[in-house]
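> Mind having a look at this structure? Questions to follow.
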Amino acid sequence: MKVLIVDEYWAQRMGLAQVFQDQFDVESITEAETPQEALRILGSSPAPDVLVADLNGHELSVVDLLANAAPSSGLVLLTHPEDFGKHERAIDKGAHSVLSYCATPDEFQKAVKVALDREIFLRRPRKAPETAVVDSQDNVRLTPRQTQVLKLLAEGKSNSDIAADLGMSPNTVRIHVSSIFRALNVD
């Protein structure tokens with residue numbers, strides 16, 4: 001397997017390289033400090049089987065660039081847990097796997113294998129951050145529980161159904177819905 005690792009921190013690149021050497025049959029590992037450097041590498045050498053990139057500090061447009069520069073490569077993106085909600089949209093931009101740095105070695109291995117098969121792997125962090133970004137353009141923040149309630153509302157479920165699904169009283173659901181509407185400026 002040929003691997004390209006894109007991360008601004010040398011220690012993280014070394015760590016990822018070691019994980020690949022320990023868990024996969026690796027033919028070569030190339031490292032790039034920036035997406036721009038990765039694009040130069042992709043333009044001058046054969047595409048890797050898998051491209052692993054740290055998305056932190058970069059816009060989602062970087063995913064488009066990497067995916068277009070290496071369309072035959074499996075694209076795995078790593079992100080910090082608090083940024084996961086924003087970065088999970090990278091799947092729509094061409095990424096095959098998105099997972100947070102708190103993923104287990106087994107989850108990382110699965111993400112790489114799925115990306116190699118050009119399928120989709122999306123692993124939310126096990127430890128939810130204090131707040132979850134729902135709409136990063138408007139910077140609306142909801143608690144993880146409010147996010148669960150909102151998703152069930154969007155599925156068309158009633159307050160009673162949501163209460164049963166989440167193991168809470170219908171009154172607690174109403175309080176969450178009121179808080180969600182207030183956060184979203186819904187009258």
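Note on naming: chains are A, B, ... as they come in the structure tokens, residues start from 1 per chain, ligands start from 1 in the order shown.
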Name the residues in contact with region 41-45 of chain A at a cut-off of 7 Å, using only C-alpha atoms, excluding same-chain residues fewer than 2 positions from it; report them as a PyMOL selection string.

chain A and resi 37-39+47+69-70

> If you run DSSP on this backbone, which residues of chain A come out as alpha helix (DSSP H), and could you give them as a PyMOL selection string?

chain A and resi 10-23+35-44+61-69+84-87+105-116+144-154+159-166+170-183

> Would you list, as an NGL selection string, the residues of region 28-183 of chain A that end up in strand (DSSP E or B) under DSSP run on this structure's backbone?

:A and (28-32 or 50-54 or 74-79 or 97-100 or 121-123 or 132-135 or 140-142)

> Please tabulate, as a tab-separated table, the residues of region 32-55 of chain A that come within 10 Å of region 104-128 of chain A, each with its closest pair of atoms and the distance in Å to one decimal, counting only C-alpha atoms and ordering rows by chain, then residue number upward.


residue	atom	partner	partner_atom	distance
A:Asp49	CA	A:Leu116	CA	6.8
A:Val50	CA	A:Leu116	CA	6.5
A:Leu51	CA	A:Val112	CA	9.1
A:Val52	CA	A:Val112	CA	8.6

> Nearest residue to Val3 (chain A) out of A:Val173, A:Val186, A:Ile29, A:Val19, using only C-alpha atoms?

A:Ile29

> Pick out the closest residue to Leu142 (chain A) from this set: A:Thr79, A:Ser179, A:Asn171, A:Ser28. Count only C-alpha atoms.

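The answer is A:Ser179, which sits nearest to Leu142 (chain A).
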
> CA of Asn159 (chain A) and CA of Val177 (chain A) are how many Å apart?

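Answer for the CA of Asn159 (chain A) to CA of Val177 (chain A) separation: 8.7 Å.
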
> For Arg13 (chain A), work out the shell of residues within 10 Å, counting only C-alpha atoms and skipping chain neighbours fewer than 4 positions away, then give it as a compact mmCIF listing (two decimals) with C-alpha atoms, in the first residue's frame.


# COMPACT_ATOMS: atom_id res chain seq x y z
CA LEU A 4 0.44 9.98 1.74
CA ILE A 5 0.11 11.61 5.18
CA VAL A 6 -0.75 15.32 5.34
CA ASP A 7 -0.35 16.99 8.75
CA GLU A 8 1.37 20.17 9.84
CA TYR A 9 2.93 18.54 12.92
CA ALA A 17 3.39 6.51 9.76
CA GLN A 18 4.12 4.13 12.64
CA VAL A 19 0.46 3.11 12.84
CA THR A 30 5.20 9.99 1.83
CA GLU A 31 4.64 12.94 4.15
CA ALA A 32 3.47 16.48 3.46
CA GLU A 33 3.29 19.31 5.96
CA VAL A 52 -4.67 10.65 5.30
CA ALA A 53 -5.05 14.34 6.10
CA ASP A 54 -5.54 16.44 9.20

> Can you pull out every residue within 9 Å of Phe84 (chain A), counting only C-alpha atoms, but drop anything in the same chain fewer than 4 positions away, and send it as a list in words?

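With the cut-off at 9 Å, the set is Leu78, Thr79, His80, Glu88, Val98, Leu99, Ser100, Arg124, Pro125, Ala132 and Val133 of chain A.
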